[in-house]
$ cat upload_15.cif   # mmCIF, C-alpha atoms
data_query
#
loop_
_atom_site.group_PDB
_atom_site.id
_atom_site.type_symbol
_atom_site.label_atom_id
_atom_site.label_comp_id
_atom_site.auth_asym_id
_atom_site.auth_seq_id
_atom_site.Cartn_x
_atom_site.Cartn_y
_atom_site.Cartn_z
ATOM 1 C CA ASP A 1 -35.815 6.499 -3.300
ATOM 2 C CA TRP A 2 -32.195 7.337 -3.937
ATOM 3 C CA ARG A 3 -30.394 10.361 -2.548
ATOM 4 C CA SER A 4 -27.133 11.415 -4.114
ATOM 5 C CA GLU A 5 -24.064 12.459 -2.263
ATOM 6 C CA SER A 6 -23.143 16.113 -2.660
ATOM 7 C CA MET A 7 -22.074 16.367 -6.309
ATOM 8 C CA ALA A 8 -20.091 19.042 -8.107
ATOM 9 C CA ALA A 9 -21.826 21.023 -10.843
ATOM 10 C CA VAL A 10 -21.634 24.422 -12.538
ATOM 11 C CA ASP A 11 -24.346 26.892 -13.403
ATOM 12 C CA ALA A 12 -24.792 28.755 -16.713
ATOM 13 C CA LYS A 13 -22.150 31.292 -15.665
ATOM 14 C CA GLY A 14 -19.617 28.610 -14.790
ATOM 15 C CA VAL A 15 -19.989 29.130 -11.039
ATOM 16 C CA ALA A 16 -19.074 26.025 -9.037
ATOM 17 C CA LEU A 17 -21.950 24.463 -7.104
ATOM 18 C CA ARG A 18 -22.554 21.514 -4.797
ATOM 19 C CA VAL A 19 -25.860 19.707 -5.360
ATOM 20 C CA VAL A 20 -27.799 16.897 -3.682
ATOM 21 C CA VAL A 21 -30.575 15.220 -5.685
ATOM 22 C CA LEU A 22 -33.393 12.970 -4.456
ATOM 23 C CA VAL A 23 -34.689 10.526 -7.087
ATOM 24 C CA VAL A 24 -37.894 8.524 -6.749
ATOM 25 C CA TRP A 25 -37.702 5.619 -9.173
ATOM 26 C CA ARG A 26 -38.495 1.961 -9.777
ATOM 27 C CA VAL A 27 -37.505 -0.810 -12.105
ATOM 28 C CA ARG A 28 -40.394 -1.071 -14.566
ATOM 29 C CA ASP A 29 -38.965 -3.911 -16.654
ATOM 30 C CA THR A 30 -36.676 -6.179 -14.613
ATOM 31 C CA ALA A 31 -35.539 -8.273 -17.577
ATOM 32 C CA ARG A 32 -34.610 -5.225 -19.651
ATOM 33 C CA ALA A 33 -32.876 -3.552 -16.688
ATOM 34 C CA THR A 34 -30.888 -6.690 -15.905
ATOM 35 C CA LEU A 35 -29.891 -7.328 -19.520
ATOM 36 C CA SER A 36 -29.201 -3.671 -20.438
ATOM 37 C CA VAL A 37 -26.653 -2.822 -17.743
ATOM 38 C CA ASP A 38 -24.645 -4.706 -15.144
ATOM 39 C CA ASP A 39 -25.720 -2.435 -12.292
ATOM 40 C CA TYR A 40 -28.878 -0.423 -12.961
ATOM 41 C CA ALA A 41 -28.608 1.448 -9.629
ATOM 42 C CA GLY A 42 -25.065 2.478 -10.545
ATOM 43 C CA TYR A 43 -26.214 3.391 -14.035
ATOM 44 C CA LEU A 44 -29.013 5.513 -12.552
ATOM 45 C CA SER A 45 -26.474 7.283 -10.354
ATOM 46 C CA GLU A 46 -24.302 8.106 -13.376
ATOM 47 C CA GLN A 47 -27.320 9.332 -15.312
ATOM 48 C CA VAL A 48 -28.380 11.566 -12.413
ATOM 49 C CA GLU A 49 -24.973 13.223 -12.525
ATOM 50 C CA ALA A 50 -25.163 13.659 -16.312
ATOM 51 C CA ALA A 51 -28.744 15.002 -16.215
ATOM 52 C CA MET A 52 -27.875 17.356 -13.380
ATOM 53 C CA ALA A 53 -24.910 18.726 -15.336
ATOM 54 C CA ARG A 54 -27.122 19.361 -18.390
ATOM 55 C CA VAL A 55 -30.001 20.978 -16.500
ATOM 56 C CA LEU A 56 -28.022 23.090 -14.042
ATOM 57 C CA SER A 57 -25.758 24.479 -16.745
ATOM 58 C CA GLN A 58 -28.778 26.097 -18.428
ATOM 59 C CA LEU A 59 -29.463 28.735 -15.737
ATOM 60 C CA PRO A 60 -27.473 30.882 -13.333
ATOM 61 C CA ALA A 61 -27.687 29.967 -9.645
ATOM 62 C CA ASP A 62 -28.741 33.536 -8.878
ATOM 63 C CA ALA A 63 -29.553 36.662 -10.851
ATOM 64 C CA PHE A 64 -28.488 39.423 -8.504
ATOM 65 C CA HIS A 65 -29.404 42.295 -10.824
ATOM 66 C CA ASP A 66 -32.496 40.981 -12.642
ATOM 67 C CA ASP A 67 -35.616 39.000 -12.086
ATOM 68 C CA ALA A 68 -34.446 36.368 -14.578
ATOM 69 C CA PRO A 69 -35.082 32.635 -14.069
ATOM 70 C CA THR A 70 -32.517 30.958 -11.815
ATOM 71 C CA LEU A 71 -31.728 27.619 -10.251
ATOM 72 C CA ARG A 72 -33.566 28.871 -7.128
ATOM 73 C CA ASP A 73 -36.837 27.944 -8.875
ATOM 74 C CA ALA A 74 -36.801 24.441 -7.389
ATOM 75 C CA GLU A 75 -40.006 23.310 -9.072
ATOM 76 C CA ALA A 76 -38.866 24.212 -12.598
ATOM 77 C CA VAL A 77 -35.395 22.752 -12.018
ATOM 78 C CA GLY A 78 -36.904 19.564 -10.578
ATOM 79 C CA ASP A 79 -39.322 19.224 -13.503
ATOM 80 C CA ALA A 80 -36.510 19.638 -16.033
ATOM 81 C CA LEU A 81 -34.248 17.228 -14.149
ATOM 82 C CA THR A 82 -37.041 14.645 -13.914
ATOM 83 C CA GLN A 83 -37.756 14.905 -17.650
ATOM 84 C CA VAL A 84 -34.110 14.595 -18.720
ATOM 85 C CA LEU A 85 -33.417 11.716 -16.340
ATOM 86 C CA SER A 86 -36.625 9.866 -17.329
ATOM 87 C CA ASP A 87 -35.677 10.115 -20.987
ATOM 88 C CA GLN A 88 -32.173 8.777 -20.264
ATOM 89 C CA VAL A 89 -33.172 5.681 -18.269
ATOM 90 C CA ARG A 90 -36.456 4.685 -19.909
ATOM 91 C CA SER A 91 -34.669 2.505 -22.476
ATOM 92 C CA ILE A 92 -33.192 0.242 -19.776
ATOM 93 C CA GLY A 93 -36.550 -0.419 -18.101
ATOM 94 C CA VAL A 94 -36.251 2.097 -15.247
ATOM 95 C CA GLN A 95 -39.014 4.594 -14.496
ATOM 96 C CA VAL A 96 -38.254 7.901 -12.781
ATOM 97 C CA PHE A 97 -41.166 9.536 -10.982
ATOM 98 C CA SER A 98 -39.275 12.512 -9.625
ATOM 99 C CA ALA A 99 -35.751 13.923 -9.528
ATOM 100 C CA GLN A 100 -35.571 16.928 -7.239
ATOM 101 C CA PRO A 101 -32.552 18.880 -6.079
ATOM 102 C CA THR A 102 -32.781 18.966 -2.285
ATOM 103 C CA ARG A 103 -29.816 21.301 -1.968
ATOM 104 C CA ILE A 104 -28.106 23.629 -4.424
ATOM 105 C CA GLU A 105 -25.390 25.728 -2.881
ATOM 106 C CA TYR A 106 -22.222 27.439 -3.928
ATOM 107 C CA ALA A 107 -19.110 25.326 -3.710
ATOM 108 C CA PRO A 108 -16.990 26.310 -0.689
ATOM 109 C CA GLU A 109 -14.293 27.846 -2.872
ATOM 110 C CA VAL A 110 -16.721 30.419 -4.367
ATOM 111 C CA ALA A 111 -19.299 30.849 -1.588
ATOM 112 C CA ALA A 112 -17.695 33.927 0.011
ATOM 113 C CA ALA A 113 -17.245 35.704 -3.326
ATOM 114 C CA MET A 114 -20.852 34.996 -4.334
ATOM 115 C CA GLN A 115 -22.112 36.267 -0.987
ATOM 116 C CA ARG A 116 -20.181 39.512 -1.544
ATOM 117 C CA SER A 117 -21.753 39.799 -5.026
ATOM 118 C CA GLN A 118 -25.195 39.289 -3.553
ATOM 119 C CA ILE A 119 -24.623 41.962 -0.892
ATOM 120 C CA ALA A 120 -23.251 44.366 -3.512
ATOM 121 C CA ALA A 121 -26.335 43.801 -5.693
ATOM 122 C CA ILE A 122 -28.678 44.438 -2.766
ATOM 123 C CA ASP A 123 -26.712 47.575 -1.866
ATOM 124 C CA ALA A 124 -26.859 48.820 -5.482
ATOM 125 C CA LYS A 125 -30.639 48.269 -5.615
ATOM 126 C CA HIS A 126 -31.006 50.180 -2.358
ATOM 127 C CA ARG A 127 -28.879 53.075 -3.648
ATOM 128 C CA ASP A 128 -30.909 53.202 -6.864
ATOM 129 C CA SER A 129 -34.193 53.339 -4.974
ATOM 130 C CA VAL A 130 -32.862 56.040 -2.618
ATOM 131 C CA LEU A 131 -31.567 58.089 -5.548
ATOM 132 C CA THR A 132 -34.876 57.747 -7.390
ATOM 133 C CA SER A 133 -36.827 58.941 -4.355
ATOM 134 C CA VAL A 134 -34.378 61.832 -3.843
ATOM 135 C CA VAL A 135 -34.673 62.936 -7.494
ATOM 136 C CA ASP A 136 -38.475 62.743 -7.233
ATOM 137 C CA ALA A 137 -38.424 64.803 -4.013
ATOM 138 C CA VAL A 138 -36.115 67.439 -5.545
ATOM 139 C CA ASP A 139 -38.261 67.677 -8.674
ATOM 140 C CA ASP A 140 -41.418 68.014 -6.585
ATOM 141 C CA THR A 141 -39.837 70.682 -4.350
ATOM 142 C CA VAL A 142 -38.496 72.801 -7.221
ATOM 143 C CA THR A 143 -41.788 72.501 -9.107
ATOM 144 C CA ARG A 144 -43.803 73.571 -6.062
ATOM 145 C CA LEU A 145 -41.526 76.519 -5.281
ATOM 146 C CA THR A 146 -41.661 77.860 -8.829
ATOM 147 C CA ALA A 147 -45.328 77.027 -9.519
ATOM 148 C CA ARG A 148 -46.471 78.873 -6.401
ATOM 149 C CA GLY A 149 -44.358 81.867 -7.313
ATOM 150 C CA LEU A 150 -42.325 81.579 -4.121
ATOM 151 C CA VAL A 151 -39.102 81.940 -6.093
ATOM 152 C CA GLU A 152 -38.102 82.958 -9.580
ATOM 153 C CA LEU A 153 -35.097 81.076 -10.833
ATOM 154 C CA ASP A 154 -32.974 81.495 -13.904
ATOM 155 C CA ASP A 155 -31.313 78.408 -15.385
ATOM 156 C CA TYR A 156 -28.141 78.793 -13.271
ATOM 157 C CA GLU A 157 -30.098 79.269 -10.027
ATOM 158 C CA ARG A 158 -32.365 76.309 -10.824
ATOM 159 C CA LYS A 159 -29.332 74.065 -11.377
ATOM 160 C CA ALA A 160 -27.720 75.288 -8.137
ATOM 161 C CA LEU A 161 -30.949 74.703 -6.183
ATOM 162 C CA VAL A 162 -31.366 71.215 -7.681
ATOM 163 C CA LYS A 163 -27.757 70.377 -6.776
ATOM 164 C CA ASP A 164 -28.072 71.688 -3.205
ATOM 165 C CA LEU A 165 -31.417 69.964 -2.603
ATOM 166 C CA THR A 166 -30.132 66.696 -4.039
ATOM 167 C CA VAL A 167 -27.139 66.719 -1.712
ATOM 168 C CA ALA A 168 -29.291 67.685 1.278
ATOM 169 C CA PHE A 169 -32.008 65.085 0.596
ATOM 170 C CA TYR A 170 -29.532 62.320 -0.244
ATOM 171 C CA THR A 171 -27.525 63.024 2.910
ATOM 172 C CA ALA A 172 -30.714 63.060 4.993
ATOM 173 C CA ARG A 173 -31.919 59.744 3.460
ATOM 174 C CA GLY A 174 -28.514 58.151 3.981
ATOM 175 C CA ASN A 175 -28.402 59.177 7.640
ATOM 176 C CA SER A 176 -32.000 58.021 8.120
ATOM 177 C CA ALA A 177 -31.209 54.587 6.601
ATOM 178 C CA GLU A 178 -28.117 54.148 8.804
ATOM 179 C CA LYS A 179 -30.160 54.701 11.978
ATOM 180 C CA HIS A 180 -32.546 51.826 11.126
#
$ encode --input "upload_15.cif" --output "structure tokens"
Amino acid sequence: DWRSESMAAVDAKGVALRVVVLVVWRVRDTARATLSVDDYAGYLSEQVEAAMARVLSQLPADAFHDDAPTLRDAEAVGDALTQVLSDQVRSIGVQVFSAQPTRIEYAPEVAAAMQRSQIAAIDAKHRDSVLTSVVDAVDDTVTRLTARGLVELDDYERKALVKDLTVAFYTARGNSAEKH
């Protein structure tokens, strides 16, 4: 087993990361490994860094607004890293069984900004879901009032009622969410 030090990398969006990788490997062909490179452990280390740079640059660390694939899918990232690294070191007689990132985190210089982005994305999703439920409640209320003949509304009155109900429901949902 070989565990890397924390290494610098970037994701698909160019966001700076710090990554630690655990590699399970063995020398399969000692003669080839000895003759191919002066220091096969050092060579493996360099290849881990190169493979990590290639694999991690393919995906964003996080997708705050979508359900797109990200570097948080440790199994997929590990499989890709293992494949790339295996292909790179096979020719010198080294076999890689597994190359798994044990830690992928934002580099200190971008961590605070990325945390703010994550919070903003969560807040936006929450606002969208609240607004959707408010619009559904307003639509249901107006439909029930008019369908039951409780009120007759012209276009102007309907718009005014929708506006007033939207404000009332949204305010009520906002106050309810703040109390929890």
$ atom_distance --input "upload_15.cif" --atom1 "atom CA of A:Arg116" --atom2 "atom CA of A:Gly14"
17.2 Å
$ atom_distance --input "upload_15.cif" --atom1 "atom CA of A:Met7" --atom2 "atom CA of A:Arg32"
28.3 Å
$ residues_around --input "upload_15.cif" --residues "A:Tyr170" --least-positions-apart "6" --cutoff "8 Å" --atoms "all atoms listed in the file" --output "PDB file with C-alpha atoms, in the frame of the given file"
ATOM      1  CA  VAL A 130     -32.862  56.040  -2.618  1.00  0.00           C
ATOM      2  CA  LEU A 131     -31.567  58.089  -5.548  1.00  0.00           C
ATOM      3  CA  VAL A 134     -34.378  61.832  -3.843  1.00  0.00           C
TER       4      VAL A 134
END
$ resolve_selection --input "upload_15.cif" --expression "the PyMOL selection byres ((chain A and resi 94) around 12)" --output "NGL selection string"
:A and (23-34 or 36-37 or 39-41 or 43-44 or 47 or 85-93 or 95-97)
$ atom_distance --input "upload_15.cif" --atom1 "atom CA of A:Asp11" --atom2 "atom CA of A:Ala99"
17.7 Å
$ residues_near_point --input "upload_15.cif" --point "(-30.8, 6.0, -2.2)" --cutoff "8 Å" --atoms "all atoms listed in the file" --output "list in words"
Asp1, Trp2, Arg3, Ser4, Leu22 and Val23 of chain A
$ closest_residue --input "upload_15.cif" --among "A:Glu46, A:Leu150, A:Asp155, A:Val167" --to "A:Val138" --atoms "all atoms listed in the file"
A:Val167
$ closest_residue --input "upload_15.cif" --among "A:Val77, A:Val48, A:Leu161, A:Ile104" --to "A:Val10" --atoms "all atoms listed in the file"
A:Ile104
$ residues_around --input "upload_15.cif" --residues "A:Val135" --least-positions-apart "4" --cutoff "10 Å" --atoms "all atoms listed in the file" --output "list in words"
Ser129, Val130, Leu131, Asp139, Asp140, Thr141, Val162, Leu165, Thr166, Phe169 and Tyr170 of chain A
$ closest_residue --input "upload_15.cif" --among "A:Val110, A:Ala137, A:Ala9, A:Leu35" --to "A:Ala172" --atoms "all atoms listed in the file"
A:Ala137
$ closest_residue --input "upload_15.cif" --among "A:Glu157, A:Glu5, A:Asp136, A:Glu109" --to "A:Ser45" --atoms "only C-alpha atoms"
A:Glu5
$ axis_aligned_box --input "upload_15.cif" --around "stretch 141-146 of chain A" --padding-each-side "4 Å" --output "AutoDock Vina command-line options"
--center_x -41.1 --center_y 74.3 --center_z -6.7 --size_x 13.3 --size_y 15.2 --size_z 12.8
$ residues_around --input "upload_15.cif" --residues "A:Ala107" --least-positions-apart "5" --cutoff "7 Å" --atoms "only C-alpha atoms" --output "list in words"
Ala16, Leu17 and Arg18 of chain A
$ resolve_selection --input "upload_15.cif" --expression "the PyMOL selection byres ((chain A and resi 74) around 12)" --output "ChimeraX atom specification"
/A:21,55-56,59,61,69-73,75-82,99-104
$ closest_residue --input "upload_15.cif" --among "A:Thr171, A:Val142, A:Gly42, A:Val84" --to "A:Lys159" --atoms "all atoms listed in the file"
A:Val142
